[in-house]
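Structure file coords39.txt; described as compact mmCIF, C-alpha atoms.
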# COMPACT_ATOMS: atom_id res chain seq x y z
CA MET R 14 0.00 0.00 0.00
CA LYS R 15 2.88 2.33 0.85
CA HIS R 16 4.26 2.07 -2.67
CA THR R 17 0.91 3.23 -4.11
CA LEU R 18 1.12 6.34 -1.92
CA VAL R 19 4.71 6.91 -3.11
CA SER R 20 3.41 6.64 -6.70
CA LEU R 21 0.79 9.30 -6.01
CA ILE R 22 3.39 11.64 -4.45
CA THR R 23 5.80 11.00 -7.32
CA GLY R 24 3.10 11.90 -9.85
CA LEU R 25 2.29 15.11 -7.96
CA VAL R 26 5.94 16.21 -7.63
CA PHE R 27 6.64 15.27 -11.25
CA GLY R 28 3.65 17.32 -12.40
CA LEU R 29 4.68 20.33 -10.30
CA GLY R 30 8.14 20.08 -11.88
CA LEU R 31 6.60 20.08 -15.36
CA ILE R 32 4.55 23.18 -14.48
CA VAL R 33 7.45 25.12 -12.87
CA SER R 34 9.85 24.27 -15.68
CA GLY R 35 7.60 25.44 -18.51
CA MET R 36 7.39 21.93 -20.03
CA ALA R 37 3.60 21.89 -19.52
CA ASN R 38 3.29 24.78 -21.97
CA PRO R 39 3.44 23.46 -25.57
CA GLU R 40 4.33 26.89 -26.96
CA LYS R 41 7.42 26.95 -24.70
CA VAL R 42 8.40 23.45 -25.86
CA LEU R 43 8.03 24.45 -29.52
CA GLY R 44 10.14 27.55 -28.82
CA PHE R 45 12.88 25.18 -27.63
CA LEU R 46 12.51 22.90 -30.66
CA ASP R 47 12.60 25.86 -33.08
CA LEU R 48 16.38 26.12 -33.56
CA ALA R 49 16.05 28.10 -36.78
CA GLY R 50 13.59 30.65 -35.42
CA LEU R 51 13.70 32.68 -32.21
CA TRP R 52 15.24 29.93 -30.10
CA ASP R 53 14.40 29.62 -26.39
CA PRO R 54 17.09 27.37 -24.85
CA SER R 55 15.38 27.22 -21.40
CA LEU R 56 14.27 23.61 -21.58
CA ALA R 57 17.85 22.35 -21.86
CA PHE R 58 18.07 23.42 -18.20
CA VAL R 59 15.12 21.15 -17.30
CA MET R 60 16.98 18.11 -18.56
CA GLY R 61 20.17 19.36 -16.89
CA GLY R 62 18.52 19.85 -13.49
CA ALA R 63 16.71 16.53 -13.61
CA ILE R 64 19.80 14.57 -14.62
CA VAL R 65 21.99 16.03 -11.86
CA VAL R 66 19.52 14.69 -9.27
CA GLY R 67 18.97 11.51 -11.28
CA LEU R 68 22.70 10.70 -11.43
CA ALA R 69 22.88 10.80 -7.62
CA ALA R 70 19.73 8.66 -7.26
CA PHE R 71 20.99 5.99 -9.66
CA ALA R 72 24.39 5.97 -7.93
CA VAL R 73 22.57 5.03 -4.69
CA ALA R 74 20.18 2.62 -6.46
CA ARG R 75 23.01 0.75 -8.16
CA ARG R 76 24.35 -0.39 -4.78
CA ARG R 77 21.00 -1.80 -3.65
CA THR R 78 19.09 -4.95 -4.55
CA LEU R 79 15.92 -3.80 -2.76
CA SER R 80 14.26 -0.38 -2.58
CA PHE R 81 13.76 1.55 0.70
CA LEU R 82 10.31 -0.10 0.87
CA GLY R 83 11.83 -3.53 0.33
CA LEU R 84 10.66 -3.88 -3.28
CA LYS R 85 12.71 -5.39 -6.06
CA MET R 86 14.74 -2.84 -8.07
CA ASN R 87 13.08 -2.83 -11.49
CA ILE R 88 15.78 -1.13 -13.51
CA PRO R 89 15.66 -1.85 -17.27
CA GLU R 90 18.36 -4.25 -18.39
CA ALA R 91 17.88 -3.93 -22.14
CA THR R 92 20.92 -2.57 -23.98
CA HIS R 93 20.10 -3.51 -27.59
CA ILE R 94 19.79 -0.75 -30.15
CA ASP R 95 17.44 -1.71 -32.96
CA LYS R 96 14.95 -0.39 -35.52
CA ARG R 97 12.11 -0.38 -32.97
CA LEU R 98 14.04 1.86 -30.60
CA VAL R 99 15.18 4.36 -33.22
CA GLY R 100 11.99 4.20 -35.32
CA GLY R 101 9.81 4.59 -32.23
CA GLY R 102 11.93 7.53 -31.08
CA LEU R 103 11.62 9.22 -34.47
CA VAL R 104 7.83 8.71 -34.63
CA PHE R 105 7.45 10.05 -31.08
CA GLY R 106 9.67 13.05 -31.95
CA ILE R 107 7.51 13.92 -34.98
CA GLY R 108 4.37 13.88 -32.82
CA TRP R 109 6.16 15.95 -30.15
CA GLY R 110 7.16 18.52 -32.77
CA ILE R 111 3.65 18.77 -34.22
CA ALA R 112 1.84 19.73 -31.00
CA GLY R 113 4.59 20.45 -28.44
CA PHE R 114 3.21 17.77 -26.12
CA CYS R 115 5.00 14.71 -24.77
CA PRO R 116 3.12 12.29 -22.47
CA GLY R 117 3.65 13.96 -19.05
CA PRO R 118 2.83 17.54 -20.07
CA GLY R 119 -0.22 16.29 -22.00
CA LEU R 120 -1.59 14.72 -18.81
CA VAL R 121 -0.78 17.82 -16.71
CA ALA R 122 -2.51 20.12 -19.23
CA LEU R 123 -5.48 17.73 -19.14
CA GLY R 124 -5.58 18.15 -15.36
CA ALA R 125 -5.50 21.91 -15.85
CA GLY R 126 -8.79 21.53 -17.74
CA GLU R 127 -7.52 22.16 -21.27
CA ALA R 128 -9.96 20.62 -23.81
CA LYS R 129 -7.23 20.44 -26.45
CA ALA R 130 -5.04 18.44 -24.06
CA ALA R 131 -7.92 15.98 -23.57
CA VAL R 132 -7.99 15.41 -27.34
CA PHE R 133 -4.22 14.89 -27.37
CA VAL R 134 -4.32 12.46 -24.43
CA ALA R 135 -7.24 10.47 -25.90
CA SER R 136 -5.36 10.16 -29.20
CA MET R 137 -2.17 9.18 -27.38
CA ILE R 138 -4.01 6.40 -25.52
CA ALA R 139 -5.50 5.28 -28.85
CA GLY R 140 -1.95 5.15 -30.29
CA MET R 141 -0.79 3.05 -27.33
CA ALA R 142 -3.80 0.74 -27.71
CA LEU R 143 -3.00 0.35 -31.42
CA PHE R 144 0.52 -0.71 -30.41
CA GLU R 145 -0.91 -3.37 -28.08
CA ILE R 146 -3.22 -4.68 -30.83
CA LEU R 147 -0.39 -4.84 -33.39
CA GLU R 148 1.88 -6.58 -30.87
CA ARG R 149 -0.74 -9.20 -29.98
CA LYS R 150 -1.41 -9.88 -33.67
CA LYS R 151 2.29 -10.41 -34.17
CA THR R 152 2.65 -12.87 -31.28
CA ALA R 153 -0.56 -14.68 -32.31
CA ALA R 154 0.62 -15.09 -35.90
CA MET J 1 20.22 30.95 -34.64
CA THR J 2 18.76 33.85 -32.68
CA ILE J 3 18.20 33.45 -28.95
CA ALA J 4 14.76 34.51 -27.69
CA TRP J 5 16.11 36.29 -24.59
CA SER J 6 12.68 37.64 -23.63
CA ASP J 7 11.35 34.06 -23.29
CA PHE J 8 14.50 32.67 -21.63
CA THR J 9 13.71 31.30 -18.14
CA PRO J 10 16.77 29.33 -17.04
CA TRP J 11 16.04 29.44 -13.29
CA ALA J 12 12.44 28.27 -13.57
CA ALA J 13 13.57 25.57 -16.00
CA LEU J 14 16.37 24.46 -13.67
CA SER J 15 14.12 24.41 -10.57
CA GLY J 16 11.44 22.49 -12.45
CA GLY J 17 14.07 20.07 -13.71
CA ILE J 18 15.33 19.50 -10.16
CA LEU J 19 11.75 18.76 -9.01
CA ILE J 20 11.37 16.27 -11.87
CA GLY J 21 14.67 14.69 -10.82
CA VAL J 22 13.47 14.50 -7.19
CA ALA J 23 10.27 12.78 -8.34
CA ALA J 24 12.27 10.28 -10.38
CA ALA J 25 14.63 9.73 -7.41
CA ILE J 26 11.74 9.09 -4.96
CA PHE J 27 10.16 6.61 -7.37
CA LEU J 28 13.44 4.81 -7.97
CA LEU J 29 14.64 4.61 -4.38
CA PHE J 30 11.29 3.78 -2.70
CA ASN J 31 9.49 1.82 -5.42
CA GLY J 32 12.49 0.55 -7.35
CA ARG J 33 11.04 1.81 -10.61
CA ILE J 34 11.77 4.11 -13.51
CA ALA J 35 9.47 7.16 -13.69
CA GLY J 36 8.74 6.72 -17.38
CA ILE J 37 5.35 8.22 -18.08
CA SER J 38 4.63 6.49 -21.41
CA GLY J 39 5.54 3.13 -19.85
CA ILE J 40 3.41 3.73 -16.76
CA LEU J 41 0.38 4.76 -18.85
CA GLY J 42 0.94 2.21 -21.63
CA GLY J 43 1.35 -0.60 -19.09
CA LEU J 44 -2.28 -0.12 -18.06
CA LEU J 45 -3.34 -1.27 -21.54
CA ASN J 46 -1.55 -4.58 -21.12
CA PRO J 47 -2.85 -6.55 -18.11
CA ALA J 48 0.21 -8.82 -18.31
CA GLN J 49 2.35 -5.88 -17.15
CA GLY J 50 0.54 -5.76 -13.79
CA GLY J 51 0.74 -3.00 -11.19
CA THR J 52 -2.59 -1.38 -11.96
CA SER J 53 -2.96 0.39 -8.60
CA TRP J 54 0.42 2.13 -8.48
CA ARG J 55 0.14 3.05 -12.17
CA ILE J 56 -3.24 4.70 -11.58
CA ALA J 57 -1.98 6.41 -8.41
CA PHE J 58 0.96 7.92 -10.32
CA LEU J 59 -1.31 9.17 -13.10
CA VAL J 60 -3.82 10.59 -10.62
CA GLY J 61 -0.97 12.52 -8.97
CA LEU J 62 0.26 13.83 -12.30
CA ILE J 63 -3.20 14.91 -13.46
CA ALA J 64 -4.01 16.42 -10.04
CA SER J 65 -0.76 18.45 -9.87
CA PRO J 66 -2.32 21.57 -11.48
CA LEU J 67 -5.10 21.45 -8.85
CA LEU J 68 -2.51 21.33 -6.04
CA TRP J 69 -0.71 24.25 -7.69
CA LEU J 70 -3.99 26.22 -7.93
CA GLY J 71 -4.32 25.94 -4.15
CA PHE J 72 -1.37 28.31 -3.83
CA ALA J 73 -1.03 30.35 -7.03
CA ALA J 74 -2.44 30.94 -10.49
CA LEU J 75 -1.24 28.46 -13.12
CA PRO J 76 1.34 29.70 -15.63
CA PRO J 77 -0.04 29.90 -19.18
CA ILE J 78 -0.60 26.69 -21.16
CA GLU J 79 -0.68 27.84 -24.79
CA ILE J 80 -1.88 25.16 -27.21
CA ASN J 81 -1.82 26.56 -30.73
CA ALA J 82 -2.12 23.26 -32.60
CA GLY J 83 -5.56 22.65 -34.13
CA TYR J 84 -7.67 19.58 -33.34
CA PRO J 85 -6.60 17.53 -36.40
CA SER J 86 -2.93 18.20 -35.54
CA LEU J 87 -3.54 17.22 -31.92
CA VAL J 88 -5.11 13.92 -33.00
CA ILE J 89 -2.20 13.09 -35.33
CA ALA J 90 0.35 14.21 -32.72
CA GLY J 91 -1.32 12.09 -30.02
CA LEU J 92 -1.40 8.97 -32.21
CA LEU J 93 2.28 9.38 -33.16
CA VAL J 94 3.33 10.03 -29.55
CA GLY J 95 1.34 7.02 -28.32
CA LEU J 96 2.66 4.63 -30.98
CA GLY J 97 6.22 5.98 -31.01
CA THR J 98 6.76 5.94 -27.25
CA ARG J 99 5.55 2.32 -27.01
CA TYR J 100 7.65 1.10 -29.96
CA GLY J 101 10.65 3.04 -28.69
CA SER J 102 10.08 1.87 -25.08
CA GLY J 103 10.02 5.35 -23.59
CA CYS J 104 9.61 9.08 -23.81
CA THR J 105 11.21 12.26 -22.48
CA SER J 106 10.97 11.00 -18.89
CA GLY J 107 11.91 7.32 -19.20
CA HIS J 108 14.67 7.61 -21.80
CA GLY J 109 15.46 11.32 -21.45
CA VAL J 110 15.59 11.89 -17.71
CA CYS J 111 15.95 8.40 -16.20
CA GLY J 112 17.87 6.74 -19.04
CA LEU J 113 20.47 9.47 -19.31
CA SER J 114 20.76 9.55 -15.50
CA ARG J 115 21.72 5.89 -15.45
CA LEU J 116 24.10 6.44 -18.39
CA SER J 117 22.24 4.06 -20.71
CA VAL J 118 23.54 4.17 -24.29
CA ARG J 119 20.21 2.74 -25.50
CA SER J 120 18.37 5.68 -23.90
CA LEU J 121 20.89 8.14 -25.30
CA ILE J 122 20.19 6.83 -28.82
CA ALA J 123 16.41 7.03 -28.24
CA THR J 124 16.76 10.56 -26.85
CA LEU J 125 18.85 11.68 -29.83
CA ALA J 126 16.23 10.14 -32.15
CA PHE J 127 13.23 11.94 -30.65
CA MET J 128 15.09 15.23 -30.14
CA THR J 129 16.30 15.22 -33.74
CA ALA J 130 12.83 14.35 -35.05
CA GLY J 131 11.36 17.14 -32.87
CA PHE J 132 13.84 19.75 -34.18
CA VAL J 133 13.30 18.67 -37.81
CA THR J 134 9.50 18.56 -37.47
CA VAL J 135 9.32 22.09 -36.04
CA PHE J 136 11.73 23.30 -38.72
CA VAL J 137 9.55 21.81 -41.47
CA ILE J 138 6.27 23.06 -39.99
CA ARG J 139 7.46 26.59 -39.20
CA HIS J 140 10.08 27.34 -41.83
CA VAL J 141 9.30 25.09 -44.81
CA LEU J 142 5.51 24.93 -44.68
CA GLY J 143 5.35 28.31 -42.94
CA ALA J 144 2.48 27.28 -40.67

Could you show the structure in this file as structure tokens?
Amino acid sequence: MKHTLVSLITGLVFGLGLIVSGMANPEKVLGFLDLAGLWDPSLAFVMGGAIVVGLAAFAVARRRTLSFLGLKMNIPEATHIDKRLVGGGLVFGIGWGIAGFCPGPGLVALGAGEAKAAVFVASMIAGMALFEILERKKTAA
Amino acid sequence: MTIAWSDFTPWAALSGGILIGVAAAIFLLFNGRIAGISGILGGLLNPAQGGTSWRIAFLVGLIASPLLWLGFAALPPIEINAGYPSLVIAGLLVGLGTRYGSGCTSGHGVCGLSRLSVRSLIATLAFMTAGFVTVFVIRHVLGA
């Protein structure tokens, strides 16, 4: 039960971070992605700030087999670089560039009551569902 | 390249980034998991992945964060200039792409780079490059 509460708190803190940083504002994101126009480099600092804390957290996590709550450390072990990884990244990047939304900010803007964010999130869930359907067809074949 | 100094907010961006890092650190150290938003949401669509309750709790927290913020201050602007057809296409591409690529800006970008994963670095370079090129094409080639 404790880990569900930690999940809730993580979601809240993550969302507050997205709001403070400017990531929740698609126009700000597009200003960062627009290298050839009037470029706003701010969002590079979001990644920088997050990674500095993240590096420390992973340094601690690496030395543990169980989490502070005694759960198994579920750190991805995959290292392969293939067409799915790169192709998926490219497709995601195109969608990100079209609307200025990635998954977290889309959900935060939805929570802020933005109708357009609701359309984005519904379409994103449809895209994820399509992935599940295609994957199941592949394993069934 | 011309810098938009009037829009430049390095301190807000850095503080927000640190908060995002703290969230990822809490999730990792207490729950032993990567705070990858596309994976947490996408996992709900596949019952074999399990963990429905913590996934929903995370998403509830994320979606409720603007309400918590509103308890203390007015929300900063959320400007969405894309039209509805663009939002639908963007959503579908983000949904499909993040699942095929096993992650998004949080999972590969923040967490992957923090654990020095080459796989995540490649994914991050792929979506960043595609994002830069897409905005270039939309704004400077198509002139939208």

### Query
Which neighbours of Ser53 of chain J fall inside 12 Å, counting all atoms listed in the file, when residues of the same chain fewer than 4 positions from it are skipped, and could you give them as JSON, numbers by chain?
{"R": [14, 15, 16, 17, 18, 19, 20, 21], "J": [40, 41, 43, 44, 47, 49, 57, 58, 59, 60]}

### Query
Which of these residues is nearest to Glu90 of chain R, using all atoms listed in the file: J:Leu93, J:Val137, J:Val118, J:Ala4?
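Answer, going by the shortest atom-to-atom distance: J:Val118.
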
### Among the residues R:Thr78, R:Leu103, R:Gly126, R:Met36, the one that comes closest to chain J [using all atoms listed in the file]
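The shortest atom-to-atom distance to chain J comes from R:Leu103.
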
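The interatomic distance for the pair atom CA of Ser15 of chain J and atom CA of Ala63 of chain R works out to 8.8 Å.
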
### Message
I'd like the contact shell of Ala90 of chain J - 9 Å cut-off, only C-alpha atoms, skipping same-chain residues fewer than 2 positions apart - returned as a PyMOL selection string.
### Response
(chain R and resi 105+107-114+133+136-137) or (chain J and resi 85-88+92-95)

### Task
To one decimal in Å, tell me the separation between atom CA of Gly67 of chain R and atom CA of Leu79 of chain R.
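Atom-to-atom, atom CA of Gly67 of chain R to atom CA of Leu79 of chain R, that is 17.8 Å.
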
### Message
Give me the residues near segment 97-109 of chain J as a PyMOL selection string, where near means some atom within 9 Å (using only C-alpha atoms) and where sequence neighbours in that chain fewer than 4 positions away do not count.
### Response
(chain R and resi 60+64+96-108+115-117+140-141+144-145) or (chain J and resi 20+24+34-39+42+92-93+113-114+117+119-124+127)
